[in-house]
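Here's the structure, in structure tokens; my notes come after.
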Amino acid sequence: MAAAADSASPECPGAPSMPTDPDFLSCVLQPPAPSSRPDADYAALRRLLLRRKPPSALQHRMDWRCNGKGYVAYRNFLLRRIDGGSAHSTPSNSGRWAASPGPALSEADSWSSLRDLRTNSGLSRTVSISSKQSDTERHVRFAEPAYSFVGMHCIFDSCKTSVTILKFGRASSDLLAYGAADGSLTVCQVSELPSVLQKLIGHSKNITDFDFSSNNQYIASCSLDKTVRVWEISKGTCIRVVYGVSSQLCICFHPVNNNLLLVGNSNKEINAINFSTGRVISKLNFDDAVTALDIDHTGQLIFAGDAQGYIYTVSVNSHTGSLSRTHKNKSSKSKSPITTIQYRTFSLVARCPVLLSCAQDGNLSFFSITTDAKGYLTLISSLKLASRVQTIRASFCPLLSLEKGEFIVTGSEDANVYFYDLARPKNSCVNKLQLLRSIIEASTRPFVLLKGHGSPVIGVAWNHGENLLASSDSEGTVIVWKRAKTN
């Protein structure tokens, strides 16, 4: 011990100072227990190492419990500290949907209708418009860091009727289109200076679905007016009209053969249409109206949902367009129309291609796809949400789900946008974007500015980079939310 004291003495340059903590010295000087271990210094060294463990982690955990946070939020906070962290990674605000560090109105206001507000000088404070928590909100203890949003990127509010469907262009981060109940189809650009590129007028009734071609030069749309229209975006003109005998409910381009359009209708069939001629190449009958469909990346399998809650797997020939039914699956026990069918090439949870289905009664189902068995579906998990009156859609979050979990985003009739993790059996809601009310105290008199949807949220869609999320509601408002940057 004398040699150890000499080596740690102040006369030795660069060496640590002599410890004076009595607890530390007692750990070193305490004799080992009379055990059978061959190392006589084992007990003293072990106590020394245990004593030297930093208490900072325990203190952080205690602070976190005092603030009402959970273990997962504390873990995410520590991970951000290890990765370098940020100025906002503190126990008080980490994992929350916080406002942007910039001006309060710069990102959250509508670029079109609220531009003149920026000239007013005033202080804004934001409060929630709801007076009590809903059942879903009680489960939202924190927001996953990957799903934190800094506010609104832009708002499109020119439409006066319900926006029923919206999508970003294929592999595009700033091309957005949305269809409305009045039959209009609007194409927008959501870059730094958002603008409306084209407003496509031709349908006379509700637009039920549309799809971009692989090069984003064309849009194929279908409507309750029994027609399918093909639009050239750059010119804003309709170049093809295909007339049907029933309401056309869902549509998609073939991913391999873009000259092939697949359309589901209320006449209980899927039609394969030649894009160039507008002629129906082949058709396949089902048990009820085909309300939603999607196709795998190879173009060999179609997944279609009907008005009775069944999901069908259909084989398609990419060259001839011939269709043949292979499997029939039930998404839930109830007979509710399928509003969303979405295919994904890979999932970390299932380790194979997966399929998401959303029914109007609020049932979300997550299936694995067996490609060797011609698209046989196996239910992995399901989630029951509140039943809906509106045709509300859901979407995968594919890039963010590669990190952990199996995340989806969906609208709701309480005017909120919800994020769920299907890999969690309990407390699956990880975040929500809700209506906020800002009271602007200007020099003249205070006025109220609403930020968010004020009516049922129907459609949701991610852009290619998943840094922007678009949502639409039944009053015609389209909001593009900006996701916070993550390390």
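Following the order of the structure tokens, first chain is A, next is B, and so on, with residues numbered from 1 inside each chain and ligands from 1 in the order they appear.
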Practice item. Skip Ser276 of chain A itself and residues of its chain fewer than 3 positions away, then list as a ChimeraX atom specification all residues within 9 Å of it, counting only C-alpha atoms. Key: /A:240,259-260,273,279
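Across the structure, atom CA of Val409 of chain A and atom CA of Ile295 of chain A are spaced 20.1 Å apart.
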Practice item. Quick one: everything within 9 Å of Ala289 of chain A, counting only C-alpha atoms, minus sequence neighbours fewer than 5 positions away in the same chain. Send it as an NGL selection string. Key: :A and (249 or 264-269 or 305-308 or 337)
Exercise for review: Quick one: everything within 6 Å of segment 451-464 of chain A, counting only C-alpha atoms, minus sequence neighbours fewer than 3 positions away in the same chain. Send it as a list of chain:residue names.
Suggested key: A:Ile165, A:Lys167, A:Phe168, A:Ala171, A:Ser172, A:Ser173, A:Ile392, A:Arg393, A:Gly411, A:Ser412, A:Glu413, A:Asp414, A:Ala415, A:Leu435, A:Leu436, A:Leu468, A:Leu469, A:Ala470, A:Ser471, A:Ser472, A:Asp473, A:Ser474
Practice item. Write down as a ChimeraX atom specification the residues belonging to segment 275-346 of chain A that are assigned strand (DSSP E or B) by DSSP computed on the backbone. Key: /A:280-285,290-295,301-306,310-316,323-330,338-346
Review point. Looking at A:Leu261, A:Ala423, A:Ile251, A:Ala386, which one is nearest to Phe366 of chain A, with distances taken over only C-alpha atoms?
Key: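 That would be A:Ala423, the residue with the smallest distance to Phe366 of chain A.
For the residues A:Leu348, A:Leu293, A:Ile380, A:Ala359, ranking by smallest atom-to-atom distance to Lys404 of chain A using only C-alpha atoms places A:Leu348 first.
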**Study point:** Selection near Tyr178 of chain A, 9 Å with only C-alpha atoms, sequence-local residues under 4 positions removed, as an MDAnalysis selection string
**Key:** chainID A and resid 163:168 184:188 210 472 478
Check your understanding: Counting only C-alpha atoms, which of A:Lys374, A:Arg388, A:Lys335, A:His327 gets nearest to Gln360 of chain A?
Key -> A:Arg388
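Between atom CA of Ser214 of chain A and atom CA of Pro255 of chain A there is a distance of 7.0 Å.
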